[in-house]
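Peer 1: Structure supplied as protein-v1.cif; contents: mmCIF, C-alpha atoms and all ligand atoms.
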data_structure
#
loop_
_atom_site.label_atom_id
_atom_site.label_comp_id
_atom_site.auth_asym_id
_atom_site.auth_seq_id
_atom_site.Cartn_x
_atom_site.Cartn_y
_atom_site.Cartn_z
CA MET Q 1 -16.23 -7.61 -5.48
CA SER Q 2 -13.85 -7.34 -2.56
CA LEU Q 3 -11.84 -4.95 -0.43
CA ALA Q 4 -8.12 -5.53 0.11
CA LEU Q 5 -6.10 -4.46 3.15
CA ILE Q 6 -2.55 -3.80 1.93
CA ILE Q 7 -0.79 -2.88 5.14
CA PRO Q 8 2.38 -4.98 5.48
CA ASP Q 9 3.93 -5.90 8.84
CA ARG Q 10 0.88 -5.14 10.96
CA LYS Q 11 -1.66 -7.28 12.73
CA LEU Q 12 -4.90 -6.57 10.90
CA ASP Q 13 -7.36 -8.91 12.67
CA ASP Q 14 -9.14 -6.06 14.43
CA LEU Q 15 -9.45 -3.91 11.29
CA GLN Q 16 -10.58 -6.89 9.22
CA GLN Q 17 -13.16 -7.87 11.84
CA ARG Q 18 -14.57 -4.36 12.21
CA LEU Q 19 -14.76 -3.85 8.44
CA THR Q 20 -16.51 -7.21 8.06
CA GLN Q 21 -19.09 -6.01 10.58
CA ALA Q 22 -19.53 -2.66 8.82
CA LEU Q 23 -19.65 -4.22 5.33
CA PRO Q 24 -21.20 -7.67 5.84
CA ASP Q 25 -21.70 -8.33 2.12
CA THR Q 26 -18.10 -7.56 1.15
CA ARG Q 27 -15.18 -9.93 1.20
CA ILE Q 28 -12.18 -8.42 3.05
CA ASP Q 29 -8.84 -9.86 1.94
CA VAL Q 30 -5.52 -9.21 3.67
CA TRP Q 31 -2.54 -8.78 1.34
CA PRO Q 32 -0.65 -10.87 0.23
CA ASP Q 33 -3.52 -13.41 0.50
CA ILE Q 34 -5.73 -11.85 -2.15
CA HIS Q 35 -8.28 -14.49 -3.11
CA GLN Q 36 -9.11 -13.06 -6.54
CA PRO Q 37 -7.08 -10.01 -7.64
CA ASP Q 38 -9.55 -9.10 -10.39
CA ALA Q 39 -12.38 -8.89 -7.83
CA VAL Q 40 -10.68 -6.20 -5.71
CA GLU Q 41 -12.35 -2.82 -6.21
CA PHE Q 42 -11.16 -0.93 -3.13
CA ALA Q 43 -7.83 -1.03 -1.30
CA VAL Q 44 -6.93 0.24 2.17
CA VAL Q 45 -3.23 0.94 1.99
CA TRP Q 46 -0.22 1.86 4.12
CA LYS Q 47 3.37 1.63 2.84
CA GLN Q 48 2.42 -0.79 0.10
CA PRO Q 49 5.14 -2.68 -1.78
CA ALA Q 50 5.59 -0.98 -5.16
CA GLY Q 51 3.53 -2.61 -7.91
CA CYS Q 52 0.92 -4.36 -5.77
CA LEU Q 53 -1.83 -1.80 -6.55
CA ALA Q 54 -1.08 -2.01 -10.28
CA ALA Q 55 -1.72 -5.77 -10.00
CA LEU Q 56 -5.40 -5.18 -9.15
CA PRO Q 57 -7.03 -4.53 -12.55
CA LYS Q 58 -10.53 -3.62 -11.29
CA LEU Q 59 -9.42 -1.28 -8.50
CA LYS Q 60 -11.64 1.82 -8.34
CA ALA Q 61 -10.26 3.73 -5.37
CA ILE Q 62 -7.45 3.80 -2.80
CA GLN Q 63 -7.96 4.61 0.87
CA CYS Q 64 -4.77 5.58 2.68
CA TYR Q 65 -4.74 4.14 6.22
CA GLY Q 66 -3.16 7.30 7.60
CA ALA Q 67 -3.11 11.06 7.13
CA GLY Q 68 0.03 11.28 4.96
CA VAL Q 69 -0.02 9.81 1.46
CA ASP Q 70 3.65 10.27 0.51
CA ALA Q 71 4.43 6.53 0.65
CA ILE Q 72 1.49 5.71 -1.64
CA LEU Q 73 2.43 8.39 -4.16
CA ALA Q 74 6.06 7.20 -4.21
CA ASP Q 75 5.01 4.05 -6.12
CA ALA Q 76 5.98 4.69 -9.77
CA THR Q 77 3.41 2.11 -10.94
CA LEU Q 78 0.54 3.68 -8.99
CA PRO Q 79 -2.67 3.51 -11.05
CA THR Q 80 -4.45 6.82 -11.71
CA LEU Q 81 -7.34 6.51 -9.22
CA PRO Q 82 -8.98 8.61 -6.53
CA ILE Q 83 -7.00 8.49 -3.27
CA ALA Q 84 -8.54 9.34 0.09
CA ARG Q 85 -6.71 9.82 3.37
CA ILE Q 86 -7.68 9.66 7.04
CA VAL Q 87 -8.97 12.83 8.65
CA ASP Q 88 -10.03 11.91 12.17
CA PRO Q 89 -10.74 14.21 15.14
CA SER Q 90 -9.40 11.49 17.44
CA LEU Q 91 -6.09 11.39 15.52
CA THR Q 92 -5.93 15.18 15.63
CA ARG Q 93 -6.47 15.17 19.42
CA THR Q 94 -3.74 12.57 19.81
CA MET Q 95 -1.31 14.75 17.85
CA VAL Q 96 -2.24 17.85 19.87
CA ARG Q 97 -1.61 15.93 23.12
CA TYR Q 98 1.75 14.66 21.87
CA VAL Q 99 3.11 18.08 20.93
CA ASP Q 100 1.63 19.59 24.08
CA GLY Q 101 3.54 16.98 26.09
CA VAL Q 102 6.76 17.66 24.22
CA VAL Q 103 6.50 21.43 24.70
CA SER Q 104 5.85 20.86 28.44
CA HIS Q 105 8.88 18.55 28.56
CA TYR Q 106 11.11 21.36 27.32
CA ARG Q 107 9.36 24.12 29.26
CA LEU Q 108 9.97 22.17 32.50
CA ARG Q 109 13.57 21.42 31.41
CA LEU Q 110 12.99 17.68 31.76
CA ASP Q 111 15.60 17.18 29.04
CA GLN Q 112 18.27 18.89 31.17
CA PHE Q 113 17.13 17.38 34.49
CA SER Q 114 17.21 13.85 33.10
CA LEU Q 115 20.82 14.40 31.96
CA GLN Q 116 21.66 15.84 35.39
CA GLN Q 117 20.04 12.88 37.12
CA ARG Q 118 22.44 10.48 35.41
CA GLN Q 119 25.32 12.41 37.01
CA ALA Q 120 23.59 12.85 40.40
CA LEU Q 121 23.65 16.63 39.83
CA TRP Q 122 21.30 18.80 41.91
CA ARG Q 123 21.00 22.02 39.90
CA PRO Q 124 17.58 23.68 40.16
CA LYS Q 125 16.54 26.03 37.33
CA SER Q 126 13.33 27.86 36.61
CA PRO Q 127 11.29 26.73 33.59
CA ARG Q 128 12.39 27.79 30.08
CA ARG Q 129 10.64 30.91 28.88
CA LEU Q 130 8.93 29.52 25.79
CA GLN Q 131 6.56 32.19 24.55
CA HIS Q 132 6.29 31.93 20.81
CA ILE Q 133 5.44 28.79 18.85
CA SER Q 134 5.58 28.46 15.07
CA VAL Q 135 3.68 25.69 13.30
CA LEU Q 136 4.79 24.73 9.78
CA GLY Q 137 1.76 23.33 7.95
CA LEU Q 138 -1.66 24.62 8.93
CA GLY Q 139 -3.89 21.80 7.70
CA GLU Q 140 -6.04 19.42 9.75
CA LEU Q 141 -3.30 18.79 12.31
CA GLY Q 142 -1.28 22.01 12.19
CA SER Q 143 -4.29 24.30 12.58
CA ALA Q 144 -5.50 22.29 15.61
CA VAL Q 145 -2.02 22.42 17.15
CA ALA Q 146 -1.83 26.18 16.53
CA ALA Q 147 -5.29 26.74 18.09
CA HIS Q 148 -4.28 24.66 21.12
CA PHE Q 149 -1.23 26.79 21.84
CA VAL Q 150 -3.26 29.98 21.27
CA SER Q 151 -5.69 28.69 23.92
CA LEU Q 152 -2.76 28.26 26.34
CA GLY Q 153 -1.71 31.88 25.85
CA TYR Q 154 1.31 31.38 23.60
CA GLN Q 155 2.08 33.73 20.73
CA VAL Q 156 1.56 31.57 17.67
CA SER Q 157 2.66 31.96 14.08
CA GLY Q 158 2.22 29.47 11.26
CA TRP Q 159 3.18 28.78 7.69
CA ALA Q 160 1.17 27.23 4.85
CA ARG Q 161 1.29 27.05 1.06
CA THR Q 162 -1.65 29.40 0.62
CA ALA Q 163 -2.88 32.44 2.55
CA LYS Q 164 -5.44 31.82 5.29
CA GLN Q 165 -6.87 33.32 8.44
CA LEU Q 166 -6.71 31.54 11.79
CA GLU Q 167 -7.80 33.26 14.96
CA GLN Q 168 -4.86 34.81 16.84
CA VAL Q 169 -2.33 33.08 14.59
CA GLN Q 170 0.02 35.16 12.47
CA VAL Q 171 -0.11 33.23 9.22
CA TYR Q 172 2.69 33.34 6.64
CA HIS Q 173 2.53 31.57 3.33
CA GLY Q 174 4.67 30.58 0.38
CA ALA Q 175 8.38 29.88 0.14
CA GLY Q 176 9.28 33.57 0.46
CA GLN Q 177 7.75 33.83 3.96
CA LEU Q 178 9.15 30.70 5.60
CA ALA Q 179 12.01 32.56 7.31
CA ALA Q 180 9.65 35.21 8.69
CA ALA Q 181 7.32 32.51 10.02
CA VAL Q 182 10.02 31.09 12.32
CA ALA Q 183 12.21 34.14 13.02
CA GLN Q 184 10.70 34.85 16.47
CA ALA Q 185 9.77 31.28 17.47
CA ASP Q 186 11.08 29.60 20.62
CA VAL Q 187 9.56 26.32 19.42
CA ILE Q 188 9.04 25.21 15.80
CA ILE Q 189 6.67 22.32 15.10
CA CYS Q 190 6.78 20.71 11.65
CA LEU Q 191 3.41 19.39 10.42
CA LEU Q 192 3.96 19.64 6.67
CA PRO Q 193 3.21 16.82 4.26
CA LEU Q 194 6.17 15.25 2.45
CA THR Q 195 5.89 16.38 -1.19
CA GLN Q 196 8.29 17.34 -3.97
CA ALA Q 197 8.13 20.89 -2.63
CA THR Q 198 8.88 20.00 1.00
CA GLN Q 199 11.48 17.23 0.59
CA GLY Q 200 14.71 18.48 2.20
CA LEU Q 201 13.12 21.92 2.67
CA LEU Q 202 14.28 22.30 6.27
CA GLY Q 203 18.01 22.48 5.64
CA GLN Q 204 20.90 24.83 6.30
CA THR Q 205 19.14 27.94 4.94
CA PHE Q 206 16.08 27.22 7.04
CA PHE Q 207 17.98 26.62 10.28
CA SER Q 208 20.02 29.79 9.74
CA SER Q 209 16.72 31.72 9.82
CA THR Q 210 15.49 30.31 13.15
CA LYS Q 211 15.82 32.19 16.43
CA PRO Q 212 19.12 31.17 18.11
CA GLY Q 213 18.40 28.54 20.77
CA ALA Q 214 15.02 27.48 19.33
CA ILE Q 215 13.59 24.01 19.91
CA PHE Q 216 12.58 22.00 16.84
CA ILE Q 217 9.89 19.30 16.82
CA ASN Q 218 9.30 17.12 13.74
CA VAL Q 219 6.10 15.07 13.77
CA ALA Q 220 5.54 15.17 10.00
CA ARG Q 221 8.00 13.18 7.87
CA GLY Q 222 11.76 12.72 8.30
CA ALA Q 223 12.66 13.50 4.68
CA ILE Q 224 11.40 17.08 5.03
CA VAL Q 225 14.51 17.72 7.16
CA ASP Q 226 18.14 17.59 6.10
CA ASP Q 227 19.64 15.47 8.91
CA ASN Q 228 23.15 16.95 8.63
CA ALA Q 229 21.85 20.51 8.66
CA LEU Q 230 19.86 19.68 11.80
CA LEU Q 231 22.95 18.22 13.49
CA ASP Q 232 24.96 21.32 12.49
CA ALA Q 233 22.26 23.61 13.89
CA LEU Q 234 22.38 21.74 17.23
CA GLN Q 235 26.17 21.78 17.23
CA SER Q 236 26.35 25.55 16.68
CA GLY Q 237 23.62 26.31 19.25
CA GLN Q 238 21.31 27.70 16.58
CA LEU Q 239 18.93 25.04 17.89
CA GLU Q 240 18.99 24.12 21.57
CA ALA Q 241 17.15 20.81 21.23
CA ALA Q 242 15.12 18.70 18.84
CA CYS Q 243 12.37 16.16 19.33
CA LEU Q 244 12.01 13.81 16.36
CA ASP Q 245 9.18 11.35 15.88
CA VAL Q 246 9.81 10.68 12.17
CA PHE Q 247 12.91 9.83 10.16
CA SER Q 248 14.05 9.51 6.55
CA GLN Q 249 14.66 5.85 7.24
CA GLU Q 250 12.42 4.01 9.69
CA PRO Q 251 13.28 2.24 11.89
CA LEU Q 252 16.08 4.74 12.48
CA PRO Q 253 19.32 2.75 11.86
CA ALA Q 254 21.20 1.88 15.07
CA GLU Q 255 24.34 3.68 13.87
CA HIS Q 256 22.55 6.98 13.12
CA ALA Q 257 24.05 9.99 14.92
CA PHE Q 258 20.61 11.05 16.21
CA TRP Q 259 20.41 8.14 18.68
CA GLN Q 260 23.29 9.21 20.90
CA HIS Q 261 22.88 12.98 20.56
CA PRO Q 262 22.31 14.53 24.01
CA ALA Q 263 20.08 17.29 22.60
CA ILE Q 264 17.79 14.99 20.58
CA LEU Q 265 14.72 13.27 21.95
CA ILE Q 266 13.56 10.37 19.79
CA THR Q 267 10.16 8.71 19.68
CA PRO Q 268 9.49 5.87 17.22
CA HIS Q 269 6.80 7.41 14.96
CA VAL Q 270 4.12 7.29 17.64
CA SER Q 271 2.83 10.85 17.83
CA ALA Q 272 -0.53 10.06 16.21
CA VAL Q 273 -1.08 6.48 15.14
CA THR Q 274 -4.30 5.63 13.27
CA ASN Q 275 -6.93 4.28 15.68
CA VAL Q 276 -8.85 1.36 14.15
CA ALA Q 277 -11.98 2.01 16.20
CA THR Q 278 -12.35 5.65 15.18
CA VAL Q 279 -11.53 5.29 11.45
CA VAL Q 280 -13.38 2.15 10.46
CA GLU Q 281 -16.64 3.97 9.73
CA GLN Q 282 -15.01 6.51 7.38
CA ILE Q 283 -13.26 3.70 5.52
CA ALA Q 284 -16.55 1.79 5.16
CA ASP Q 285 -18.25 5.01 4.08
CA ASN Q 286 -15.65 5.64 1.38
CA TYR Q 287 -16.00 2.05 0.19
CA ARG Q 288 -19.78 2.52 -0.18
CA ARG Q 289 -19.21 5.85 -1.94
CA SER Q 290 -16.84 4.30 -4.44
CA GLN Q 291 -19.38 1.53 -5.11
CA GLN Q 292 -22.05 4.19 -5.72
CA GLY Q 293 -19.82 6.32 -7.93
CA LEU Q 294 -19.82 9.18 -5.37
CA PRO Q 295 -16.71 11.28 -4.64
CA LEU Q 296 -14.66 9.96 -1.72
CA LEU Q 297 -14.41 11.88 1.53
CA ASN Q 298 -11.01 13.44 2.31
CA LEU Q 299 -9.73 13.18 -1.22
CA VAL Q 300 -6.06 13.85 -1.87
CA ASP Q 301 -4.96 16.22 -4.63
CA VAL Q 302 -2.39 14.00 -6.32
CA THR Q 303 -0.84 16.82 -8.35
CA ARG Q 304 -0.18 18.82 -5.13
CA GLY Q 305 1.01 15.65 -3.38
CA TYR Q 306 -1.20 16.03 -0.27
P1 LIG Q 401 -3.08 18.61 5.56
O1 LIG Q 401 -3.00 18.16 4.15
O2 LIG Q 401 -4.42 18.81 6.18
O3 LIG Q 401 -2.27 19.98 5.74
C1 LIG Q 401 -1.04 20.20 5.14
C2 LIG Q 401 -0.61 21.63 5.44
O4 LIG Q 401 0.72 21.82 4.92
C3 LIG Q 401 -1.50 22.67 4.76
O5 LIG Q 401 -1.67 23.78 5.59
C4 LIG Q 401 -0.69 23.06 3.52
O6 LIG Q 401 -0.91 24.38 3.04
C5 LIG Q 401 0.73 22.97 4.07
N1 LIG Q 401 1.67 22.78 2.96
C6 LIG Q 401 1.73 21.79 2.05
N2 LIG Q 401 2.73 21.99 1.17
C7 LIG Q 401 3.31 23.15 1.53
C8 LIG Q 401 4.38 23.91 1.02
N3 LIG Q 401 5.06 23.51 -0.07
N4 LIG Q 401 4.71 25.06 1.63
C9 LIG Q 401 4.03 25.49 2.71
N5 LIG Q 401 2.99 24.81 3.27
C10 LIG Q 401 2.65 23.65 2.69
O7 LIG Q 401 -2.22 17.54 6.39
P2 LIG Q 401 -2.43 17.09 7.92
O8 LIG Q 401 -2.43 18.30 8.78
O9 LIG Q 401 -3.56 16.14 8.03
O10 LIG Q 401 -1.08 16.24 8.15
C11 LIG Q 401 0.19 16.81 7.93
C12 LIG Q 401 1.25 15.70 7.88
O11 LIG Q 401 1.46 15.16 9.17
C13 LIG Q 401 0.86 14.48 7.04
O12 LIG Q 401 1.09 14.70 5.67
C14 LIG Q 401 1.74 13.40 7.61
O13 LIG Q 401 2.93 13.30 6.88
C15 LIG Q 401 2.04 13.88 9.03
N6 LIG Q 401 1.49 12.98 10.05
C16 LIG Q 401 2.33 12.38 10.93
C17 LIG Q 401 1.84 11.53 11.90
C18 LIG Q 401 2.75 10.89 12.89
O14 LIG Q 401 2.34 9.95 13.60
N7 LIG Q 401 3.97 11.34 13.04
C19 LIG Q 401 0.40 11.25 12.01
C20 LIG Q 401 -0.40 11.95 11.05
C21 LIG Q 401 0.13 12.78 10.10
P3 LIG Q 401 -2.36 24.85 2.50
O15 LIG Q 401 -3.23 24.95 3.73
O16 LIG Q 401 -2.09 26.16 1.89
O17 LIG Q 401 -2.81 23.79 1.54
#
Output the structure of this file as structure tokens.
Ligand code: NDP

Peer 2:
Amino acid sequence: MSLALIIPDRKLDDLQQRLTQALPDTRIDVWPDIHQPDAVEFAVVWKQPAGCLAALPKLKAIQCYGAGVDAILADATLPTLPIARIVDPSLTRTMVRYVDGVVSHYRLRLDQFSLQQRQALWRPKSPRRLQHISVLGLGELGSAVAAHFVSLGYQVSGWARTAKQLEQVQVYHGAGQLAAAVAQADVIICLLPLTQATQGLLGQTFFSSTKPGAIFINVARGAIVDDNALLDALQSGQLEAACLDVFSQEPLPAEHAFWQHPAILITPHVSAVTNVATVVEQIADNYRRSQQGLPLLNLVDVTRGY
């Protein structure tokens, strides 16, 4: 039996070495060099080429190498198998720090001052009054982000698929309450999974329901947002600025209008990258569980899409 790492375009020496240490009796193959496809029983996967999982006839389980499984589920030939994803306190902390940094960037008007600097303009201004933050998606990451901003004294609202209670967070749920969830927000942070229900969800109707002059941060998936509707919202002033870490097409094409937009801050999908050192044990654990016929940790509900 063997474990396959199917994570194209990444150096995998460290992950392979750590997994070999954690699972000394298991052969770890790195795709596309799979020694014996019919010996592979467990695959660790990120943005796999379509069809490569279907080519492993003895596969028992799939471990996503990140928190979002949309790219795995997009494979039309995906075998019907349990899929687990990464849930890692270290990843969550990284995401909280990223959005905290971005909110501070706007609160301190670093966006405006960096534009002024290029023109040698000395125009002092007091910080932006950002008081209310809305978090779309209140799962592992969104609920931690919401709790962080509560702890800093912000008013926080949030939106999820189902009703829930989070301390000092005004929670809205379901499609009918999306507009209410963002109506008062100075900053909107998107931490939804990309599913059939969320694809293109943040479009013209959504941006017309935001507070005029709000700041929008997308750290989830690019395809949740309608790019043209976002550009229109910035153009009209409905949004004052946007920080985007994720895009429908990655890398973001050089000719895309986002690159040169003065009100858009771009980071190249770096807000919370999987940390080999902190996830290797949960991957090894899930491998052992699948060998023992036990349910995997952090299982994905494939019918829900997250
Ligand atoms: P979870 O699965 O833990 O949480 C998802 C949240 O979204 C839940 O609160 C869920 O509601 C809500 N949700 C799902 N569908 C809908 C819907 N149709 N309407 C309203 N709410 C919905 O995910 P995580 O918090 O772990 O991660 C969120 C996403 O962040 C990932 O899917 C991934 O795409 C992205 N991500 C991005 C990273 C980056 O580097 N940029 C790094 C890591 C993750 P409910 O609670 O009711 O189920």

Peer 1: Separation of CA of Gln282 (chain Q) and CA of Ser143 (chain Q), in Å?

Peer 2: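 CA of Ser143 (chain Q) lies 21.4 Å from CA of Gln282 (chain Q).
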
Peer 1: Would you mind reading off the distance between CA of Trp31 (chain Q) and CA of Leu56 (chain Q), one decimal, in Å?

Peer 2: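 Separation of CA of Trp31 (chain Q) and CA of Leu56 (chain Q): 11.5 Å.
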
Peer 1: Could you tell me, counting only C-alpha atoms and all ligand atoms, which protein and nucleic acid residues lie no more than 6 Å from ligand LIG 401 (chain Q), written as a PyMOL selection string?

Peer 2: chain Q and resi 67-68+137-142+159-162+174+191-194+197-198+219-221+245-246+269-273+306

Peer 1: Looking at Q:Glu41, Q:Asp111, Q:Glu281, Q:Asp88, which one is nearest to Cys243 (chain Q), with distances taken over all atoms listed in the file?

Peer 2: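 Under the stated criterion, the closest residue is Q:Asp111.
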
Peer 1: What is the distance between CA of Leu136 (chain Q) and CA of Ile189 (chain Q), in Å to one decimal?

Peer 2: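 The value is 6.1 Å.
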
Peer 1: Using all atoms listed in the file, pick whichever of Q:Pro79, Q:Arg304, Q:Tyr287, Q:Leu15 has the shortest atom-to-atom distance to Ser2 (chain Q).

Peer 2: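 Closest residue, counting all atoms listed in the file: Q:Tyr287.
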
Peer 1: So which residues touch Val276 (chain Q) within 12 Å, counting all atoms listed in the file, skipping near sequence neighbours fewer than 4 positions away, as a PyMOL selection string?

Peer 2: chain Q and resi 11-19+65-66+86+88+90-91+280-284

Peer 1: Pick out the residues sitting within 8 Å of Ala55 (chain Q), and hand them over as a PDB file with C-alpha atoms, in the coordinates of the input; count all atoms listed in the file, and ignore anything fewer than 3 positions along from it in its own chain.

Peer 2:
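Now in around04.pdb:
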ATOM      1  CA  PRO Q  37      -7.080 -10.010  -7.640  1.00  0.00           C
ATOM      2  CA  GLY Q  51       3.530  -2.610  -7.910  1.00  0.00           C
ATOM      3  CA  CYS Q  52       0.920  -4.360  -5.770  1.00  0.00           C
TER       4      CYS Q  52
END

Peer 1: Might you pull out every residue within 9 Å of Gln48 (chain Q), with all atoms listed in the file counted and same-chain residues fewer than 5 positions away left off, and present them as a list in words?

Peer 2: Ile6, Ile7, Pro8, Leu53, Ala71, Ile72 and Asp75 of chain Q

Peer 1: Nearest to Ile264 (chain Q) among Q:Ser208, Q:Ser151, Q:Gln235, Q:Gln292, with distances taken over only C-alpha atoms: which residue is it?

Peer 2: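 Among the listed residues, Q:Gln235 lies closest to Ile264 (chain Q).
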